[in-house]
$ cat protein.cif   # mmCIF, C-alpha atoms
data_input
#
loop_
_atom_site.group_PDB
_atom_site.id
_atom_site.type_symbol
_atom_site.label_atom_id
_atom_site.label_comp_id
_atom_site.auth_asym_id
_atom_site.auth_seq_id
_atom_site.Cartn_x
_atom_site.Cartn_y
_atom_site.Cartn_z
ATOM 1 C CA MET A 122 -2.365 -17.786 2.199
ATOM 2 C CA LYS A 123 -4.200 -14.723 0.929
ATOM 3 C CA ASP A 124 -2.828 -12.144 -1.474
ATOM 4 C CA ILE A 125 -2.774 -8.508 -0.394
ATOM 5 C CA PHE A 126 -1.221 -6.617 -3.296
ATOM 6 C CA GLU A 127 1.392 -6.620 -6.000
ATOM 7 C CA PHE A 128 3.792 -3.698 -6.186
ATOM 8 C CA LYS A 129 6.681 -2.154 -8.060
ATOM 9 C CA ILE A 130 8.740 0.705 -6.698
ATOM 10 C CA VAL A 131 11.275 2.338 -8.983
ATOM 11 C CA ILE A 132 13.815 4.690 -7.444
ATOM 12 C CA HIS A 133 15.997 7.273 -9.122
ATOM 13 C CA GLU A 134 19.328 6.122 -7.682
ATOM 14 C CA ASP A 135 20.854 2.765 -6.767
ATOM 15 C CA MET A 136 19.123 0.703 -4.104
ATOM 16 C CA PRO A 137 20.366 1.305 -0.543
ATOM 17 C CA GLU A 138 22.691 -1.494 0.547
ATOM 18 C CA ASN A 139 20.567 -3.152 3.239
ATOM 19 C CA LEU A 140 17.134 -2.349 1.797
ATOM 20 C CA VAL A 141 16.006 -5.965 1.351
ATOM 21 C CA ASP A 142 16.831 -6.892 4.945
ATOM 22 C CA ARG A 143 15.074 -3.790 6.276
ATOM 23 C CA PHE A 144 12.066 -4.428 4.024
ATOM 24 C CA ILE A 145 11.734 -8.037 5.184
ATOM 25 C CA ALA A 146 11.902 -6.922 8.828
ATOM 26 C CA PHE A 147 9.212 -4.298 8.127
ATOM 27 C CA ILE A 148 6.738 -6.712 6.535
ATOM 28 C CA GLU A 149 7.406 -9.417 9.104
ATOM 29 C CA ASP A 150 6.316 -6.928 11.778
ATOM 30 C CA TRP A 151 2.957 -6.970 9.988
ATOM 31 C CA SER A 152 2.973 -10.798 9.685
ATOM 32 C CA VAL A 153 3.173 -10.410 5.913
ATOM 33 C CA ASN A 154 5.332 -12.338 3.433
ATOM 34 C CA TRP A 155 6.969 -11.137 0.224
ATOM 35 C CA GLY A 156 7.465 -13.005 -3.013
ATOM 36 C CA GLY A 157 9.471 -10.889 -5.382
ATOM 37 C CA GLY A 158 12.835 -9.455 -6.135
ATOM 38 C CA CYS A 159 14.876 -6.366 -6.722
ATOM 39 C CA SER A 160 17.434 -4.858 -9.057
ATOM 40 C CA ASP A 161 19.752 -1.864 -8.785
ATOM 41 C CA ASN A 162 16.867 0.603 -8.814
ATOM 42 C CA GLN A 163 13.669 -1.389 -8.315
ATOM 43 C CA ILE A 164 11.913 -3.601 -5.775
ATOM 44 C CA ASN A 165 8.782 -5.520 -6.734
ATOM 45 C CA GLY A 166 6.640 -8.551 -6.111
ATOM 46 C CA GLY A 167 3.598 -9.609 -4.197
ATOM 47 C CA LEU A 168 2.678 -9.451 -0.539
ATOM 48 C CA TYR A 169 0.577 -12.110 1.110
ATOM 49 C CA ALA A 170 -0.412 -13.273 4.592
ATOM 50 C CA ASP A 171 -1.818 -16.278 6.362
ATOM 51 C CA GLU A 172 -5.606 -16.608 6.094
ATOM 52 C CA ASN A 173 -6.165 -15.810 9.779
ATOM 53 C CA ILE A 174 -4.169 -12.539 9.726
ATOM 54 C CA ILE A 175 -6.373 -9.432 9.655
ATOM 55 C CA ILE A 176 -4.837 -6.569 7.706
ATOM 56 C CA ASN A 177 -6.168 -3.012 7.880
ATOM 57 C CA ILE A 178 -5.345 -2.151 4.281
ATOM 58 C CA ASN A 179 -5.409 1.621 4.836
ATOM 59 C CA ASP A 180 -2.909 1.457 7.692
ATOM 60 C CA PHE A 181 -0.742 -1.080 5.892
ATOM 61 C CA VAL A 182 -0.502 0.859 2.613
ATOM 62 C CA ARG A 183 0.242 4.086 4.513
ATOM 63 C CA GLU A 184 3.049 2.368 6.474
ATOM 64 C CA PHE A 185 4.306 0.581 3.353
ATOM 65 C CA VAL A 186 4.752 3.875 1.497
ATOM 66 C CA ALA A 187 6.175 5.579 4.605
ATOM 67 C CA PHE A 188 8.800 2.830 4.841
ATOM 68 C CA PHE A 189 10.186 3.807 1.441
ATOM 69 C CA LEU A 190 9.835 7.548 2.041
ATOM 70 C CA HIS A 191 11.935 7.304 5.213
ATOM 71 C CA LEU A 192 14.844 5.824 3.253
ATOM 72 C CA ASP A 193 15.729 9.261 1.860
ATOM 73 C CA ILE A 194 15.555 8.031 -1.717
ATOM 74 C CA THR A 195 13.929 9.658 -4.711
ATOM 75 C CA ILE A 196 10.957 7.551 -5.770
ATOM 76 C CA GLN A 197 10.399 7.618 -9.496
ATOM 77 C CA ASP A 198 7.279 5.425 -9.620
ATOM 78 C CA ILE A 199 5.025 3.425 -7.298
ATOM 79 C CA GLU A 200 2.637 0.891 -8.797
ATOM 80 C CA MET A 201 0.280 -1.111 -6.631
ATOM 81 C CA ASN A 202 -2.458 -3.535 -7.590
ATOM 82 C CA ILE A 203 -4.500 -4.284 -4.499
ATOM 83 C CA GLU A 204 -6.389 -7.572 -4.363
ATOM 84 C CA ASN A 205 -10.104 -6.851 -4.854
ATOM 85 C CA PHE A 206 -11.116 -7.923 -1.299
ATOM 86 C CA TYR A 207 -8.813 -5.223 0.098
ATOM 87 C CA PHE A 208 -9.279 -2.762 -2.759
ATOM 88 C CA TYR A 209 -12.930 -2.191 -1.873
ATOM 89 C CA ARG A 210 -11.884 -1.420 1.731
ATOM 90 C CA PHE A 211 -9.081 0.906 0.658
ATOM 91 C CA ASP A 212 -9.760 4.647 0.966
ATOM 92 C CA HIS A 213 -8.126 5.721 -2.288
ATOM 93 C CA ASN A 214 -9.174 9.387 -1.989
ATOM 94 C CA VAL A 215 -7.561 9.853 1.432
ATOM 95 C CA PHE A 216 -4.397 8.123 0.265
ATOM 96 C CA ILE A 217 -4.086 10.308 -2.840
ATOM 97 C CA GLU A 218 -4.782 13.423 -0.773
ATOM 98 C CA ASN A 219 -1.991 12.526 1.682
ATOM 99 C CA TYR A 220 0.501 11.462 -0.993
ATOM 100 C CA SER A 221 -0.436 13.738 -3.887
ATOM 101 C CA SER A 222 3.219 14.584 -4.564
ATOM 102 C CA LEU A 223 4.157 10.948 -5.229
ATOM 103 C CA PRO A 224 4.080 9.321 -8.665
ATOM 104 C CA VAL A 225 1.670 6.579 -7.587
ATOM 105 C CA ASN A 226 -0.689 4.358 -9.570
ATOM 106 C CA ILE A 227 -3.084 2.133 -7.619
ATOM 107 C CA GLY A 228 -5.317 -0.413 -9.275
ATOM 108 C CA CYS A 229 -7.521 -3.363 -8.417
ATOM 109 C CA TRP A 230 -6.193 -6.892 -8.773
ATOM 110 C CA GLU A 231 -8.966 -9.329 -9.663
ATOM 111 C CA LEU A 232 -8.117 -12.935 -8.878
#

$ encode --input "protein.cif" --output "structure tokens"
Amino acid sequence: MKDIFEFKIVIHEDMPENLVDRFIAFIEDWSVNWGGGCSDNQINGGLYADENIIININDFVREFVAFFLHLDITIQDIEMNIENFYFYRFDHNVFIENYSSLPVNIGCWEL
């Protein structure tokens, strides 16, 4: 297995009822696994995939954020630490330009 990124998303209100099930279905569509958890107003953990799965990190991060934006929730904070292999392929400037209104912090995760 290879790590993709760690994340924490804090929302302003209580977590939607079926969020975990919808999130698992979303990442499984990408052949990605999640190790993490959630509370009343937060979901966090790490995402990883099988070694032979090719992930376009720019597309995946864009779809990952869009998943949460389409829930009609108020996002208080998004923290992502992208594994260094993917971080150097991630177009941070384009992402920030497209999501400048979000409270997002993206860093590099050195293994």

$ closest_residue --input "protein.cif" --among "A:Phe128, A:Trp230, A:Phe188, A:Trp151" --to "A:Asp171" --atoms "only C-alpha atoms"
A:Trp151

$ atom_distance --input "protein.cif" --atom1 "atom CA of A:Asn214" --atom2 "atom CA of A:Gly158"
29.3 Å

$ closest_residue --input "protein.cif" --among "A:Ser160, A:Leu190, A:Glu200, A:Glu172" --to "A:Lys129" --atoms "only C-alpha atoms"
A:Glu200

$ closest_residue --input "protein.cif" --among "A:His133, A:Gly166, A:Val186, A:Cys159" --to "A:Asn219" --atoms "all atoms listed in the file"
A:Val186

$ closest_residue --input "protein.cif" --among "A:Ile145, A:Val182, A:Ile196, A:Ile132" --to "A:Ile217" --atoms "all atoms listed in the file"
A:Val182

$ resolve_selection --input "protein.cif" --expression "the PyMOL selection byres ((chain A and resi 162) around 6)" --output "ChimeraX atom specification"
/A:131-132,135-136,160-161,163

$ closest_residue --input "protein.cif" --among "A:Asn165, A:Asn205, A:Asn226, A:Ser221" --to "A:Ile178" --atoms "all atoms listed in the file"
A:Asn205

$ resolve_selection --input "protein.cif" --expression "the PyMOL selection byres ((chain A and resi 187) around 12)" --output "count of residues only"
21

$ atom_distance --input "protein.cif" --atom1 "atom CA of A:Asp198" --atom2 "atom CA of A:Asn139"
20.4 Å

$ atom_distance --input "protein.cif" --atom1 "atom CA of A:Lys123" --atom2 "atom CA of A:Pro224"
27.2 Å

$ closest_residue --input "protein.cif" --among "A:Val141, A:Ile227, A:Ile175, A:Ile148" --to "A:Met201" --atoms "all atoms listed in the file"
A:Ile227

$ axis_aligned_box --input "protein.cif" --around "stretch 190-195 of chain A" --padding-each-side "4 Å" --output "JSON"
{"center_x": 12.8, "center_y": 7.7, "center_z": 0.3, "size_x": 13.9, "size_y": 11.8, "size_z": 17.9}

$ resolve_selection --input "protein.cif" --expression "the PyMOL selection byres ((chain A and resi 155) around 8)" --output "mmCIF file with C-alpha atoms, keeping the file's coordinate frame"
data_model
loop_
_atom_site.group_PDB
_atom_site.id
_atom_site.type_symbol
_atom_site.label_atom_id
_atom_site.label_comp_id
_atom_site.auth_asym_id
_atom_site.auth_seq_id
_atom_site.Cartn_x
_atom_site.Cartn_y
_atom_site.Cartn_z
ATOM 1 C CA ILE A 145 11.734 -8.037 5.184
ATOM 2 C CA ILE A 148 6.738 -6.712 6.535
ATOM 3 C CA VAL A 153 3.173 -10.410 5.913
ATOM 4 C CA ASN A 154 5.332 -12.338 3.433
ATOM 5 C CA GLY A 156 7.465 -13.005 -3.013
ATOM 6 C CA GLY A 157 9.471 -10.889 -5.382
ATOM 7 C CA GLY A 166 6.640 -8.551 -6.111
ATOM 8 C CA GLY A 167 3.598 -9.609 -4.197
ATOM 9 C CA LEU A 168 2.678 -9.451 -0.539
ATOM 10 C CA TYR A 169 0.577 -12.110 1.110
#

$ closest_atom_pairs --input "protein.cif" --of "stretch 124-173 of chain A" --to "stretch 208-213 of chain A" --cutoff "12 Å" --atoms "all atoms listed in the file" --output "JSON lines"
{"residue": "A:Asp124", "atom": "CA", "partner": "A:Phe208", "partner_atom": "CA", "distance": 11.5}
{"residue": "A:Ile125", "atom": "CA", "partner": "A:Phe208", "partner_atom": "CA", "distance": 9.0}
{"residue": "A:Phe126", "atom": "CA", "partner": "A:Phe208", "partner_atom": "CA", "distance": 8.9}
{"residue": "A:Glu127", "atom": "CA", "partner": "A:Phe208", "partner_atom": "CA", "distance": 11.8}

$ build_atoms --input "protein.cif" --residues "stretch 158-176 of chain A" --atoms "N, CA, C and O atoms" --output "JSON list (two decimals), in the coordinates of the input"
[["chain", "number", "residue", "atom", "x", "y", "z"],
["A", 158, "GLY", "N", 11.41, -9.65, -5.95],
["A", 158, "GLY", "CA", 12.84, -9.46, -6.14],
["A", 158, "GLY", "C", 13.18, -7.99, -6.25],
["A", 158, "GLY", "O", 12.34, -7.12, -6.05],
["A", 159, "CYS", "N", 14.44, -7.75, -6.57],
["A", 159, "CYS", "CA", 14.88, -6.37, -6.72],
["A", 159, "CYS", "C", 16.04, -6.31, -7.70],
["A", 159, "CYS", "O", 16.66, -7.33, -8.02],
["A", 160, "SER", "N", 16.29, -5.12, -8.19],
["A", 160, "SER", "CA", 17.43, -4.86, -9.06],
["A", 160, "SER", "C", 18.13, -3.62, -8.50],
["A", 160, "SER", "O", 17.83, -3.19, -7.39],
["A", 161, "ASP", "N", 19.01, -3.03, -9.27],
["A", 161, "ASP", "CA", 19.75, -1.86, -8.78],
["A", 161, "ASP", "C", 18.85, -0.70, -8.41],
["A", 161, "ASP", "O", 19.18, 0.07, -7.52],
["A", 162, "ASN", "N", 17.72, -0.55, -9.10],
["A", 162, "ASN", "CA", 16.87, 0.60, -8.81],
["A", 162, "ASN", "C", 15.38, 0.25, -8.71],
["A", 162, "ASN", "O", 14.52, 1.11, -8.89],
["A", 163, "GLN", "N", 15.07, -0.99, -8.38],
["A", 163, "GLN", "CA", 13.67, -1.39, -8.32],
["A", 163, "GLN", "C", 13.48, -2.52, -7.31],
["A", 163, "GLN", "O", 14.33, -3.39, -7.18],
["A", 164, "ILE", "N", 12.33, -2.49, -6.62],
["A", 164, "ILE", "CA", 11.91, -3.60, -5.78],
["A", 164, "ILE", "C", 10.47, -3.90, -6.16],
["A", 164, "ILE", "O", 9.68, -2.97, -6.39],
["A", 165, "ASN", "N", 10.14, -5.18, -6.29],
["A", 165, "ASN", "CA", 8.78, -5.52, -6.73],
["A", 165, "ASN", "C", 8.37, -6.88, -6.20],
["A", 165, "ASN", "O", 9.15, -7.59, -5.59],
["A", 166, "GLY", "N", 7.14, -7.24, -6.48],
["A", 166, "GLY", "CA", 6.64, -8.55, -6.11],
["A", 166, "GLY", "C", 5.24, -8.49, -5.55],
["A", 166, "GLY", "O", 4.49, -7.54, -5.79],
["A", 167, "GLY", "N", 4.91, -9.51, -4.80],
["A", 167, "GLY", "CA", 3.60, -9.61, -4.20],
["A", 167, "GLY", "C", 3.71, -9.81, -2.70],
["A", 167, "GLY", "O", 4.67, -10.41, -2.21],
["A", 168, "LEU", "N", 2.73, -9.28, -1.98],
["A", 168, "LEU", "CA", 2.68, -9.45, -0.54],
["A", 168, "LEU", "C", 1.47, -10.31, -0.21],
["A", 168, "LEU", "O", 0.40, -10.15, -0.79],
["A", 169, "TYR", "N", 1.65, -11.20, 0.73],
["A", 169, "TYR", "CA", 0.58, -12.11, 1.11],
["A", 169, "TYR", "C", 0.71, -12.45, 2.59],
["A", 169, "TYR", "O", 1.75, -12.23, 3.21],
["A", 170, "ALA", "N", -0.39, -12.94, 3.16],
["A", 170, "ALA", "CA", -0.41, -13.27, 4.59],
["A", 170, "ALA", "C", -1.20, -14.54, 4.81],
["A", 170, "ALA", "O", -1.97, -14.98, 3.94],
["A", 171, "ASP", "N", -1.04, -15.12, 5.97],
["A", 171, "ASP", "CA", -1.82, -16.28, 6.36],
["A", 171, "ASP", "C", -3.30, -15.90, 6.41],
["A", 171, "ASP", "O", -3.66, -14.75, 6.66],
["A", 172, "GLU", "N", -4.15, -16.86, 6.15],
["A", 172, "GLU", "CA", -5.61, -16.61, 6.09],
["A", 172, "GLU", "C", -6.16, -15.98, 7.37],
["A", 172, "GLU", "O", -7.11, -15.23, 7.32],
["A", 173, "ASN", "N", -5.59, -16.30, 8.53],
["A", 173, "ASN", "CA", -6.16, -15.81, 9.78],
["A", 173, "ASN", "C", -5.62, -14.45, 10.21],
["A", 173, "ASN", "O", -6.01, -13.93, 11.24],
["A", 174, "ILE", "N", -4.72, -13.86, 9.43],
["A", 174, "ILE", "CA", -4.17, -12.54, 9.73],
["A", 174, "ILE", "C", -5.13, -11.48, 9.20],
["A", 174, "ILE", "O", -5.54, -11.52, 8.04],
["A", 175, "ILE", "N", -5.49, -10.53, 10.05],
["A", 175, "ILE", "CA", -6.37, -9.43, 9.65],
["A", 175, "ILE", "C", -5.50, -8.22, 9.36],
["A", 175, "ILE", "O", -4.72, -7.78, 10.21],
["A", 176, "ILE", "N", -5.63, -7.72, 8.16],
["A", 176, "ILE", "CA", -4.84, -6.57, 7.71],
["A", 176, "ILE", "C", -5.78, -5.38, 7.51],
["A", 176, "ILE", "O", -6.76, -5.47, 6.78]]
